[in-house]
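What follows is the content of start.txt, which has compact mmCIF, C-alpha atoms:
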# COMPACT_ATOMS: atom_id res chain seq x y z
CA MET A 1 124.05 -129.11 -2.14
CA SER A 2 124.51 -132.89 -2.19
CA ASN A 3 127.26 -134.68 -4.05
CA GLN A 4 124.61 -136.00 -6.45
CA ASP A 5 123.37 -132.44 -7.17
CA THR A 6 126.91 -131.24 -7.85
CA PHE A 7 127.54 -134.24 -10.07
CA ALA A 8 124.33 -133.57 -12.04
CA GLU A 9 125.29 -129.94 -12.57
CA VAL A 10 128.89 -130.73 -13.53
CA SER A 11 127.56 -133.36 -15.96
CA THR A 12 125.38 -130.71 -17.60
CA LEU A 13 128.41 -128.43 -17.93
CA VAL A 14 130.46 -131.28 -19.46
CA ARG A 15 127.68 -131.88 -22.00
CA GLN A 16 127.55 -128.16 -22.82
CA THR A 17 131.32 -128.07 -23.23
CA LEU A 18 131.28 -130.91 -25.71
CA ALA A 19 127.91 -129.93 -27.26
CA LEU A 20 126.55 -133.37 -26.34
CA PRO A 21 122.81 -134.12 -26.29
CA ASP A 22 121.01 -133.58 -22.97
CA ASP A 23 120.39 -137.30 -22.54
CA GLU A 24 124.02 -138.32 -23.13
CA PRO A 25 125.02 -140.29 -20.02
CA ILE A 26 127.97 -138.94 -18.06
CA ARG A 27 129.54 -141.07 -15.35
CA PRO A 28 131.79 -139.92 -12.48
CA GLU A 29 134.54 -142.37 -13.38
CA GLN A 30 134.86 -141.11 -16.96
CA LEU A 31 138.24 -139.60 -17.69
CA LEU A 32 137.87 -136.23 -19.36
CA PHE A 33 140.76 -136.60 -21.78
CA TYR A 34 140.79 -140.36 -22.28
CA ASP A 35 137.09 -141.32 -22.23
CA LEU A 36 135.45 -138.06 -23.31
CA SER A 37 138.21 -136.97 -25.73
CA PHE A 38 138.71 -133.60 -24.07
CA THR A 39 141.26 -131.20 -25.55
CA SER A 40 143.05 -128.56 -23.51
CA LEU A 41 140.57 -125.97 -24.87
CA ASP A 42 137.66 -128.18 -23.75
CA MET A 43 139.21 -128.23 -20.28
CA LEU A 44 139.51 -124.46 -20.24
CA ASP A 45 135.95 -124.15 -21.52
CA LEU A 46 134.67 -126.51 -18.80
CA LEU A 47 136.52 -124.61 -16.07
CA PHE A 48 135.09 -121.29 -17.38
CA ARG A 49 131.62 -122.84 -17.18
CA VAL A 50 132.24 -124.30 -13.72
CA GLU A 51 133.52 -120.95 -12.43
CA GLN A 52 130.53 -119.09 -13.87
CA HIS A 53 127.91 -121.63 -12.79
CA PHE A 54 129.10 -122.14 -9.22
CA ASN A 55 130.50 -118.64 -8.79
CA ILE A 56 133.88 -119.96 -7.72
CA SER A 57 137.41 -119.31 -8.90
CA ILE A 58 139.67 -122.09 -10.16
CA PRO A 59 142.94 -120.41 -11.05
CA GLU A 60 145.61 -122.00 -13.20
CA GLY A 61 147.64 -124.43 -11.09
CA THR A 62 144.81 -125.40 -8.74
CA ILE A 63 145.28 -129.15 -9.22
CA TYR A 64 149.03 -128.73 -8.80
CA LYS A 65 148.50 -126.94 -5.49
CA LEU A 66 145.93 -129.43 -4.22
CA ALA A 67 148.16 -132.38 -5.07
CA ARG A 68 151.29 -130.77 -3.62
CA GLY A 69 149.55 -129.90 -0.36
CA ASP A 70 152.08 -129.10 2.34
CA MET A 71 155.01 -130.42 0.32
CA GLN A 72 157.74 -128.05 -0.79
CA ASP A 73 157.75 -127.21 -4.50
CA SER A 74 161.21 -128.77 -4.83
CA GLU A 75 160.02 -132.04 -3.24
CA PHE A 76 156.93 -132.16 -5.44
CA ALA A 77 158.50 -131.46 -8.82
CA GLU A 78 161.91 -131.08 -10.37
CA ASP A 79 162.43 -129.27 -13.68
CA SER A 80 158.65 -129.22 -14.18
CA VAL A 81 158.37 -133.01 -13.85
CA LEU A 82 156.77 -134.60 -10.76
CA THR A 83 159.13 -136.41 -8.41
CA ALA A 84 158.24 -139.93 -7.26
CA ALA A 85 156.72 -138.41 -4.14
CA GLY A 86 154.87 -135.81 -6.20
CA ARG A 87 153.54 -138.50 -8.50
CA GLU A 88 152.21 -140.44 -5.49
CA ARG A 89 150.51 -137.30 -4.22
CA LEU A 90 148.82 -136.71 -7.57
CA ILE A 91 147.63 -140.33 -7.81
CA ALA A 92 146.24 -140.07 -4.28
CA LEU A 93 144.40 -136.86 -5.14
CA LEU A 94 143.00 -138.32 -8.35
CA GLN A 95 142.10 -141.56 -6.59
CA ASP A 96 139.42 -142.63 -9.08
CA SER A 97 141.70 -142.35 -12.11
CA PRO A 98 143.20 -145.76 -13.07
CA PRO A 99 146.87 -145.83 -11.98
CA GLN A 100 147.97 -147.13 -15.40
CA ILE A 101 147.08 -143.84 -17.11
CA PHE A 102 149.78 -141.95 -15.20
CA PRO A 103 153.06 -142.00 -17.16
CA ALA A 104 156.40 -142.37 -15.43
CA ARG A 105 157.25 -138.74 -16.12
CA ILE A 106 154.35 -136.39 -15.45
CA HIS A 107 154.85 -132.78 -16.51
CA THR A 108 153.39 -130.23 -14.15
CA THR A 109 151.41 -128.51 -16.91
CA THR A 110 149.54 -131.71 -17.78
CA LEU A 111 147.92 -132.53 -14.43
CA PRO A 112 144.30 -131.74 -15.48
CA ARG A 113 144.72 -134.39 -18.20
CA TYR A 114 144.31 -137.15 -15.60
CA CYS A 115 141.03 -135.90 -14.08
CA THR A 116 137.78 -137.79 -14.10
CA VAL A 117 134.38 -136.10 -14.02
CA GLY A 118 134.28 -137.12 -10.36
CA ALA A 119 137.53 -135.24 -9.71
CA ILE A 120 135.93 -132.06 -11.06
CA VAL A 121 132.92 -132.66 -8.80
CA ARG A 122 135.25 -132.99 -5.80
CA LEU A 123 137.14 -129.88 -6.87
CA VAL A 124 133.87 -127.92 -7.03
CA GLU A 125 132.79 -129.18 -3.62
CA HIS A 126 136.19 -128.33 -2.17
CA LYS A 127 135.89 -124.78 -3.54
CA LEU A 128 132.27 -124.39 -2.41
CA ALA A 129 133.18 -125.52 1.09
CA ALA A 130 135.89 -122.86 1.21
CA VAL A 131 133.50 -120.01 0.25
CA MET B 1 129.24 -93.19 -54.92
CA ILE B 2 129.13 -96.85 -53.94
CA ALA B 3 126.29 -97.76 -51.58
CA SER B 4 127.51 -99.11 -48.26
CA PRO B 5 126.72 -102.82 -47.88
CA ASP B 6 124.84 -104.21 -44.91
CA TRP B 7 127.72 -105.26 -42.68
CA GLY B 8 125.42 -107.21 -40.35
CA GLN B 9 126.21 -105.00 -37.37
CA HIS B 10 122.66 -104.14 -36.24
CA GLY B 11 122.20 -105.38 -32.69
CA ARG B 12 125.85 -106.34 -32.42
CA VAL B 13 128.10 -105.20 -29.60
CA CYS B 14 131.52 -103.94 -30.56
CA ILE B 15 134.43 -102.77 -28.41
CA ILE B 16 137.08 -100.49 -29.93
CA THR B 17 140.28 -99.71 -28.04
CA GLY B 18 142.35 -96.67 -28.92
CA ALA B 19 139.09 -95.19 -30.19
CA THR B 20 140.14 -91.54 -30.20
CA GLY B 21 143.18 -91.90 -32.46
CA TYR B 22 143.18 -91.30 -36.20
CA LEU B 23 142.19 -94.86 -37.16
CA GLY B 24 140.14 -95.46 -34.02
CA ARG B 25 137.88 -92.53 -34.79
CA ALA B 26 137.27 -93.74 -38.33
CA LEU B 27 136.47 -97.22 -37.02
CA ALA B 28 134.05 -95.75 -34.48
CA HIS B 29 132.31 -93.80 -37.26
CA GLY B 30 132.16 -96.86 -39.50
CA PHE B 31 130.76 -99.23 -36.90
CA ALA B 32 128.32 -96.64 -35.54
CA ALA B 33 126.98 -96.02 -39.04
CA ALA B 34 126.76 -99.79 -39.59
CA GLY B 35 124.40 -100.08 -36.61
CA ALA B 36 126.61 -101.58 -33.90
CA THR B 37 126.37 -100.78 -30.21
CA LEU B 38 129.77 -99.40 -29.32
CA PHE B 39 132.00 -99.48 -26.28
CA LEU B 40 134.75 -96.97 -27.00
CA SER B 41 137.89 -97.01 -24.94
CA ALA B 42 140.80 -94.58 -24.78
CA ARG B 43 142.78 -92.83 -22.06
CA ASN B 44 141.03 -89.48 -22.21
CA GLN B 45 137.36 -89.19 -21.24
CA GLU B 46 136.95 -85.73 -22.78
CA ALA B 47 138.19 -86.98 -26.14
CA LEU B 48 135.84 -89.96 -25.86
CA ASP B 49 132.89 -87.71 -25.09
CA ALA B 50 133.74 -85.49 -28.06
CA LEU B 51 133.93 -88.55 -30.32
CA ALA B 52 130.63 -89.94 -29.04
CA ALA B 53 128.97 -86.57 -29.68
CA GLU B 54 129.93 -86.59 -33.33
CA LEU B 55 128.96 -90.20 -34.12
CA ASP B 56 125.93 -90.98 -36.21
CA ALA B 57 124.17 -93.19 -33.65
CA PRO B 58 121.66 -92.77 -30.83
CA ARG B 59 123.25 -92.19 -27.43
CA GLU B 60 121.97 -95.50 -26.07
CA ARG B 61 124.18 -97.31 -28.57
CA LEU B 62 127.30 -95.47 -27.42
CA HIS B 63 129.29 -96.18 -24.29
CA THR B 64 132.67 -94.78 -23.38
CA LEU B 65 135.26 -95.94 -20.91
CA ALA B 66 138.45 -94.02 -20.13
CA LEU B 67 141.15 -96.57 -19.39
CA ASP B 68 144.90 -96.93 -19.44
CA LEU B 69 145.43 -100.35 -20.98
CA THR B 70 148.94 -100.54 -19.58
CA GLU B 71 147.37 -101.11 -16.16
CA SER B 72 147.21 -104.82 -15.45
CA ASN B 73 143.48 -105.05 -14.68
CA ALA B 74 142.29 -102.62 -17.37
CA GLY B 75 141.53 -105.32 -19.95
CA GLU B 76 139.33 -107.26 -17.59
CA HIS B 77 137.67 -104.05 -16.45
CA LEU B 78 136.79 -103.09 -20.02
CA ILE B 79 135.35 -106.49 -20.90
CA ASN B 80 133.40 -106.78 -17.64
CA ALA B 81 131.95 -103.29 -18.10
CA ALA B 82 130.73 -104.18 -21.60
CA LEU B 83 129.31 -107.51 -20.42
CA LEU B 84 127.53 -105.85 -17.53
CA LYS B 85 125.81 -103.33 -19.79
CA ALA B 86 125.28 -105.32 -22.97
CA GLY B 87 125.28 -108.94 -21.75
CA HIS B 88 127.53 -110.13 -24.56
CA ILE B 89 130.35 -109.03 -26.87
CA ASP B 90 130.30 -109.76 -30.59
CA THR B 91 133.29 -107.85 -31.87
CA LEU B 92 136.53 -106.71 -30.31
CA ILE B 93 138.77 -104.32 -32.21
CA LEU B 94 142.18 -104.09 -30.61
CA ASN B 95 143.47 -100.83 -32.00
CA ALA B 96 145.30 -99.14 -29.13
CA GLY B 97 148.98 -98.72 -29.81
CA THR B 98 151.97 -96.49 -29.47
CA LEU B 99 155.47 -96.21 -30.90
CA ALA B 100 158.92 -95.13 -29.84
CA ASP B 101 161.35 -94.73 -32.70
CA GLY B 102 164.98 -95.51 -32.03
CA LEU B 103 167.78 -97.65 -33.43
CA VAL B 104 167.94 -101.05 -31.75
CA ALA B 105 171.53 -100.41 -30.64
CA GLY B 106 170.39 -97.33 -28.79
CA LEU B 107 166.95 -98.44 -27.64
CA THR B 108 166.56 -98.24 -23.89
CA ASP B 109 164.78 -100.82 -21.74
CA TYR B 110 162.29 -98.14 -20.85
CA GLU B 111 161.45 -97.28 -24.47
CA LEU B 112 161.02 -100.92 -25.42
CA ALA B 113 158.95 -101.62 -22.31
CA GLN B 114 156.69 -98.64 -22.97
CA VAL B 115 155.82 -99.88 -26.45
CA TYR B 116 155.42 -103.51 -25.38
CA GLU B 117 153.37 -102.56 -22.34
CA LEU B 118 150.59 -101.11 -24.48
CA ASN B 119 150.96 -102.76 -27.89
CA LEU B 120 151.54 -106.29 -26.64
CA TRP B 121 150.61 -106.64 -22.98
CA GLY B 122 147.68 -104.21 -23.08
CA THR B 123 146.29 -105.88 -26.20
CA PHE B 124 146.89 -109.37 -24.82
CA ARG B 125 145.08 -108.64 -21.58
CA VAL B 126 141.95 -107.32 -23.33
CA LEU B 127 142.04 -110.27 -25.73
CA ARG B 128 142.39 -112.81 -22.91
CA ALA B 129 139.50 -111.28 -20.98
CA ALA B 130 137.27 -111.25 -24.08
CA LEU B 131 137.99 -114.84 -25.06
CA ARG B 132 136.25 -116.25 -22.00
CA PRO B 133 132.76 -114.90 -22.86
CA MET B 134 133.34 -115.51 -26.56
CA ILE B 135 134.32 -119.15 -25.98
CA LEU B 136 131.31 -119.64 -23.71
CA GLN B 137 128.90 -118.04 -26.16
CA ARG B 138 130.52 -119.93 -29.07
CA SER B 139 130.91 -116.82 -31.20
CA GLY B 140 132.92 -113.65 -31.52
CA GLN B 141 135.12 -111.71 -33.89
CA VAL B 142 138.41 -110.15 -32.91
CA ILE B 143 140.33 -107.82 -35.16
CA VAL B 144 143.82 -106.80 -34.15
CA VAL B 145 145.31 -103.69 -35.70
CA SER B 146 148.87 -104.50 -36.69
CA SER B 147 151.06 -102.66 -39.17
CA THR B 148 153.03 -103.35 -42.32
CA ALA B 149 156.02 -102.74 -40.04
CA ALA B 150 155.49 -106.23 -38.60
CA ARG B 151 156.49 -107.81 -41.93
CA LYS B 152 158.55 -105.01 -43.41
CA PRO B 153 160.02 -102.82 -40.70
CA GLY B 154 161.87 -99.61 -41.29
CA VAL B 155 165.04 -98.33 -39.68
CA GLY B 156 164.29 -97.19 -36.15
CA GLN B 157 161.13 -99.28 -35.78
CA GLY B 158 162.64 -102.07 -33.66
CA ALA B 159 160.29 -101.63 -30.73
CA TYR B 160 157.13 -100.90 -32.68
CA ALA B 161 157.65 -103.46 -35.45
CA SER B 162 158.57 -106.29 -33.09
CA SER B 163 155.54 -105.58 -30.91
CA LYS B 164 153.28 -105.77 -33.96
CA ALA B 165 155.00 -108.94 -35.19
CA ALA B 166 154.30 -110.50 -31.79
CA LEU B 167 150.64 -109.49 -32.14
CA GLU B 168 150.40 -111.14 -35.54
CA SER B 169 151.77 -114.35 -34.06
CA LEU B 170 149.20 -114.05 -31.28
CA VAL B 171 146.47 -113.69 -33.92
CA ARG B 172 147.51 -116.91 -35.62
CA THR B 173 147.89 -118.91 -32.41
CA THR B 174 144.59 -117.68 -30.97
CA ALA B 175 142.84 -118.52 -34.24
CA LEU B 176 144.07 -122.12 -34.02
CA GLU B 177 142.90 -122.40 -30.43
CA THR B 178 139.45 -120.83 -30.80
CA ALA B 179 138.28 -121.66 -34.33
CA ALA B 180 136.36 -124.72 -33.19
CA ARG B 181 134.51 -122.54 -30.67
CA GLY B 182 133.13 -120.16 -33.33
CA VAL B 183 135.56 -117.40 -32.38
CA ARG B 184 137.43 -115.80 -35.27
CA ILE B 185 140.45 -113.57 -34.94
CA ASN B 186 142.15 -111.70 -37.74
CA GLY B 187 144.44 -108.76 -38.12
CA VAL B 188 144.73 -105.76 -40.38
CA ALA B 189 148.09 -104.28 -41.23
CA PRO B 190 147.73 -100.75 -42.51
CA GLY B 191 150.66 -99.15 -44.22
CA LEU B 192 151.49 -95.49 -44.05
CA LEU B 193 148.31 -93.57 -43.23
CA ALA B 194 147.74 -89.88 -43.77
CA GLY B 195 147.21 -89.20 -40.09
CA GLY B 196 147.95 -90.42 -36.58
CA MET B 197 151.30 -91.99 -35.81
CA ALA B 198 152.68 -91.70 -39.35
CA THR B 199 152.39 -87.95 -39.69
CA ARG B 200 156.00 -87.46 -38.61
CA ILE B 201 157.20 -89.64 -41.50
CA LEU B 202 155.01 -87.68 -43.90
CA ASP B 203 156.28 -84.38 -42.49
CA GLU B 204 159.94 -85.33 -42.65
CA ALA B 205 160.33 -87.74 -45.56
CA SER B 206 157.16 -87.68 -47.56
CA GLU B 207 158.76 -87.86 -51.00
CA ARG B 208 161.02 -90.78 -50.10
CA ALA B 209 158.15 -92.62 -48.41
CA MET B 210 155.95 -92.22 -51.48
CA GLN B 211 158.65 -93.78 -53.66
CA LEU B 212 158.30 -96.97 -51.63
CA ILE B 213 154.53 -97.19 -52.03
CA PRO B 214 153.37 -98.46 -55.44
CA MET B 215 150.22 -96.30 -55.22
CA ARG B 216 152.43 -93.26 -54.50
CA ARG B 217 150.20 -91.95 -51.75
CA PRO B 218 149.48 -92.62 -48.09
CA GLY B 219 146.32 -94.45 -47.16
CA GLU B 220 143.41 -92.93 -45.35
CA ALA B 221 141.75 -94.37 -42.26
CA ARG B 222 138.45 -94.66 -44.13
CA GLU B 223 140.18 -97.12 -46.48
CA VAL B 224 140.95 -99.44 -43.57
CA VAL B 225 137.44 -99.36 -42.10
CA PRO B 226 135.63 -101.51 -44.72
CA VAL B 227 138.21 -104.27 -44.32
CA VAL B 228 137.65 -104.30 -40.56
CA LEU B 229 133.87 -104.23 -41.08
CA PHE B 230 134.19 -107.17 -43.43
CA LEU B 231 136.29 -109.15 -40.94
CA ALA B 232 133.73 -108.38 -38.22
CA SER B 233 130.80 -109.36 -40.42
CA PRO B 234 129.19 -112.73 -41.15
CA MET B 235 130.49 -112.28 -44.71
CA SER B 236 133.95 -113.36 -43.53
CA SER B 237 132.65 -116.40 -41.63
CA TYR B 238 135.39 -118.71 -43.02
CA VAL B 239 138.27 -116.30 -42.44
CA THR B 240 140.41 -116.65 -39.32
CA GLY B 241 144.07 -116.37 -38.39
CA GLN B 242 144.85 -113.99 -41.24
CA VAL B 243 146.43 -110.55 -41.35
CA TRP B 244 145.22 -108.35 -44.18
CA SER B 245 147.58 -105.73 -45.52
CA ILE B 246 146.04 -102.40 -46.50
CA ASP B 247 149.04 -100.56 -47.78
CA GLY B 248 148.80 -99.40 -51.39
CA GLY B 249 150.92 -102.35 -52.46
CA TYR B 250 153.83 -101.64 -50.09
CA THR B 251 154.22 -105.29 -49.04
CA ALA B 252 153.24 -106.80 -52.38
The structure in this file should be written as C-alpha cells.
Amino acid sequence: MSNQDTFAEVSTLVRQTLALPDDEPIRPEQLLFYDLSFTSLDMLDLLFRVEQHFNISIPEGTIYKLARGDMQDSEFAEDSVLTAAGRERLIALLQDSPPQIFPARIHTTTLPRYCTVGAIVRLVEHKLAAV
Amino acid sequence: MIASPDWGQHGRVCIITGATGYLGRALAHGFAAAGATLFLSARNQEALDALAAELDAPRERLHTLALDLTESNAGEHLINAALLKAGHIDTLILNAGTLADGLVAGLTDYELAQVYELNLWGTFRVLRAALRPMILQRSGQVIVVSSTAARKPGVGQGAYASSKAALESLVRTTALETAARGVRINGVAPGLLAGGMATRILDEASERAMQLIPMRRPGEAREVVPVVLFLASPMSSYVTGQVWSIDGGYTA
C-alpha cells in the first residue's frame, strides 16, 4: 500500500469520525485538534476506526512510546511533564506539526493533541510495517 | 390488565449480565417477550440453559454465555462473542453484582475486593468493551443496575453501597463522554426487592425494613423491568446520565 493510499483511507476515516461530507478535503498537514477541532472522544473514535480498518492495534501510550524511543522514562518525562529532551523528541516525531503549537510544559497524556493527519498516516504505516 | 406497550425491541440485540439472578431473570423474560435477541451471561451454564428454556422466544433469539466477570478478559470476551454472532449490540444491561455485608471498621481487604471486583471492575470492563462498537455505530443503550444503597446506604453496606455509588458516577461520566455519539447510558436503582440479594433482610428484619419504605412493601423484579425497557427503548431517546430509583418511595 502506497503512502497516498494510506492517506486516502485515513482521510476517509477522519471524515467518518467527524461526520463530514465525502468531498470534504482533508490535507496531511491539518492538525487534528487545532484545524479539525477534534475532541479527545473524536481521537478515540478515529483510533477505533483505524484499528478496525487496518486490523492493527494502537494501544494507549503509543505516541509516548514512539517519541521516547530508547530514552529512559525518567529522561523523557518528569512528574508526567516532558523534559526538554523529551519535548525535542516529540517535536522530532511530529515533524510536520508547527513548533509553535507545542507549549513549554507538555503533559504526557496530551501527546495525541499535537498530531496532524499525516502523523496518523505515518503511525498506520509504522504499524503495518511491523505486522 | 394493562396492555404491554411496544418497547421497540424487535430486531434489537441485548446483552444481560447476571441473567440468572432474581432481577436478571425478570429482565430476560421482559426483553425476550419484547422481541429482543438476547445474549444472557452468568457464571453457571446449567442455570443459563434452564432460563433460556423457559423464555418466551424462539431459540435462535437466545444465546447464553457462562462467564466469570471478575476475570480480566471476560468483558471483552462477552462483547466479542455477541458481535461475532449478531454483528452489532443495541442494548447492554449491566446487572451482575454481589454483596458482602460488614461494618467498615471490620471489613477486610478481601471482602471489599470481592465486591469491587465484580460490581465495579467486572461492570467497567464489559462497559468499556461495549463502548467501542457503540461509538463506531453511533448508537447504543446501556443500563446499569445500581441500588438505592448508593444514595442511602444502610449499616453494614460499606462495600456494596460504595461500589454502586462508583457505578452511578461512571454512568454520569460515560453519559457526558458518549452522548454526542448517540450512545445513552442510564442507571436504575431498585430498593428492597422481594427476592435475590435482599431476602436476608426480609427474613431477619422485615417489619423494620417495611417501616422505612413509604409503600410498606418490598418491590418485585417485574416492577423494575418496565423502567429498564423504557430506558432501552427509543421512547427515552433524550434521557442519558440519569439513575432512576424504583423503591416504593424509600429515597423520596
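Each of B:Gly219, B:Gly75, B:Pro214, B:Pro226 was compared to Ala252 in chain B using only C-alpha atoms, and B:Pro214 turns out to be the nearest.
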Could you check which of A:Thr110, A:Gln4, A:Thr12, A:Ser80 is closest to Ile63 in chain A, using only C-alpha atoms?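 Once distances to Ile63 in chain A are computed over only C-alpha atoms, the minimum belongs to A:Thr110.
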Pick out the chain A residues within 8 Å of chain B. Count all atoms listed in the file. Give them as a list in words.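 Interface list for chain A against chain B: Leu41, Asp45, Phe48 and Arg49 of chain A.
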So how far away is CA of Gly182 in chain B from CA of Glu24 in chain A, in Å? 22.7 Å
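With all atoms listed in the file as the atoms that count, the minimum distance from Val142 in chain B to the choices B:Val183, B:Leu99, B:Ile201, B:Ala52 is reached by B:Val183.
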What's the 7 Å shell around range 19-28 of chain B, counting only C-alpha atoms, without same-chain residues fewer than 2 positions away, as a PDB file with C-alpha atoms, keeping the file's coordinate frame?
ATOM      1  CA  ILE B  16     137.080-100.490 -29.930  1.00  0.00           C
ATOM      2  CA  THR B  17     140.280 -99.710 -28.040  1.00  0.00           C
ATOM      3  CA  GLY B  30     132.160 -96.860 -39.500  1.00  0.00           C
ATOM      4  CA  PHE B  31     130.760 -99.230 -36.900  1.00  0.00           C
ATOM      5  CA  ALA B  32     128.320 -96.640 -35.540  1.00  0.00           C
ATOM      6  CA  LEU B  40     134.750 -96.970 -27.000  1.00  0.00           C
ATOM      7  CA  SER B  41     137.890 -97.010 -24.940  1.00  0.00           C
ATOM      8  CA  ALA B  42     140.800 -94.580 -24.780  1.00  0.00           C
ATOM      9  CA  ALA B  47     138.190 -86.980 -26.140  1.00  0.00           C
ATOM     10  CA  LEU B  48     135.840 -89.960 -25.860  1.00  0.00           C
ATOM     11  CA  LEU B  51     133.930 -88.550 -30.320  1.00  0.00           C
ATOM     12  CA  ASN B  95     143.470-100.830 -32.000  1.00  0.00           C
ATOM     13  CA  GLY B 195     147.210 -89.200 -40.090  1.00  0.00           C
ATOM     14  CA  GLY B 196     147.950 -90.420 -36.580  1.00  0.00           C
ATOM     15  CA  ALA B 221     141.750 -94.370 -42.260  1.00  0.00           C
ATOM     16  CA  ARG B 222     138.450 -94.660 -44.130  1.00  0.00           C
ATOM     17  CA  VAL B 225     137.440 -99.360 -42.100  1.00  0.00           C
TER      18      VAL B 225
END
Residue nearest Leu44 in chain A among B:Ala161, B:Leu192, B:Leu131, B:Ala179 (counting all atoms listed in the file):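 Counting all atoms listed in the file, the residue closest to Leu44 in chain A is B:Leu131.
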Interatomic distance between CA of Asp56 in chain B and CA of Pro234 in chain B? 22.5 Å
I'd like the contact shell of Asp73 in chain A - 12 Å cut-off, all atoms listed in the file, skipping same-chain residues fewer than 5 positions apart - returned as an mmCIF file with C-alpha atoms, keeping the file's coordinate frame.
data_model
loop_
_atom_site.group_PDB
_atom_site.id
_atom_site.type_symbol
_atom_site.label_atom_id
_atom_site.label_comp_id
_atom_site.auth_asym_id
_atom_site.auth_seq_id
_atom_site.Cartn_x
_atom_site.Cartn_y
_atom_site.Cartn_z
ATOM 1 C CA TYR A 64 149.030 -128.730 -8.800
ATOM 2 C CA LYS A 65 148.500 -126.940 -5.490
ATOM 3 C CA ALA A 67 148.160 -132.380 -5.070
ATOM 4 C CA ARG A 68 151.290 -130.770 -3.620
ATOM 5 C CA GLU A 78 161.910 -131.080 -10.370
ATOM 6 C CA ASP A 79 162.430 -129.270 -13.680
ATOM 7 C CA SER A 80 158.650 -129.220 -14.180
ATOM 8 C CA VAL A 81 158.370 -133.010 -13.850
ATOM 9 C CA LEU A 82 156.770 -134.600 -10.760
ATOM 10 C CA THR A 83 159.130 -136.410 -8.410
ATOM 11 C CA ALA A 85 156.720 -138.410 -4.140
ATOM 12 C CA GLY A 86 154.870 -135.810 -6.200
ATOM 13 C CA THR A 108 153.390 -130.230 -14.150
#
If you measure from CA of Pro98 in chain A to CA of Leu47 in chain A, what distance in Å do you get, rounded to one decimal?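 According to the coordinates, CA of Pro98 in chain A and CA of Leu47 in chain A are separated by 22.4 Å.
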Show me the residues around (148.3, -116.3, -38.5) - criterion: an atom at most 10 Å away, all atoms listed in the file counted - as a ChimeraX atom specification. /B:167-176,185-187,240-243
To box range 76-89 of chain A, take all atoms listed in the file, fit an axis-aligned box, add 6 Å on each side, and give centre and edge lengths in Å to one decimal, as lines of an AutoDock Vina configuration file.
center_x = 156.5
center_y = -134.8
center_z = -9.2
size_x = 23.9
size_y = 23.2
size_z = 22.0
Between A:Arg105, A:Leu18, A:Asn3, A:Asn55, which one has atoms that come closest to Asp42 in chain A, using all atoms listed in the file?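 Going through A:Arg105, A:Leu18, A:Asn3, A:Asn55 one by one, the smallest distance to Asp42 in chain A is for A:Leu18.
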Got a sec: who's within 12 Å of Leu94 in chain A, counting all atoms listed in the file, leaving out chain neighbours fewer than 2 positions off, as a ChimeraX atom specification? /A:29,31,63-64,66-67,87-92,96-99,101-102,111-123
Please work out which residues fall within 7 Å of (130.4, -100.5, -20.4), coordinates as given in the file, with only C-alpha atoms counting, and return them as an NGL selection string. :B and (39 or 63-65 or 78 or 81-82 or 84-85)
May I have the selected residues written with C-alpha atoms, as a short mmCIF file (atom, residue, chain, number, x, y, z; two decimals), keeping the file's coordinate frame?
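Resulting contents of again.cif:
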data_model
loop_
_atom_site.label_atom_id
_atom_site.label_comp_id
_atom_site.auth_asym_id
_atom_site.auth_seq_id
_atom_site.Cartn_x
_atom_site.Cartn_y
_atom_site.Cartn_z
CA PHE B 39 132.00 -99.48 -26.28
CA HIS B 63 129.29 -96.18 -24.29
CA THR B 64 132.67 -94.78 -23.38
CA LEU B 65 135.26 -95.94 -20.91
CA LEU B 78 136.79 -103.09 -20.02
CA ALA B 81 131.95 -103.29 -18.10
CA ALA B 82 130.73 -104.18 -21.60
CA LEU B 84 127.53 -105.85 -17.53
CA LYS B 85 125.81 -103.33 -19.79
#
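Within 7 Å of Ser245 in chain B, once only C-alpha atoms are used and residues closer than 4 positions along the same chain are dropped, the contacting residues are B:Thr148, B:Val188, B:Ala189, B:Pro190.
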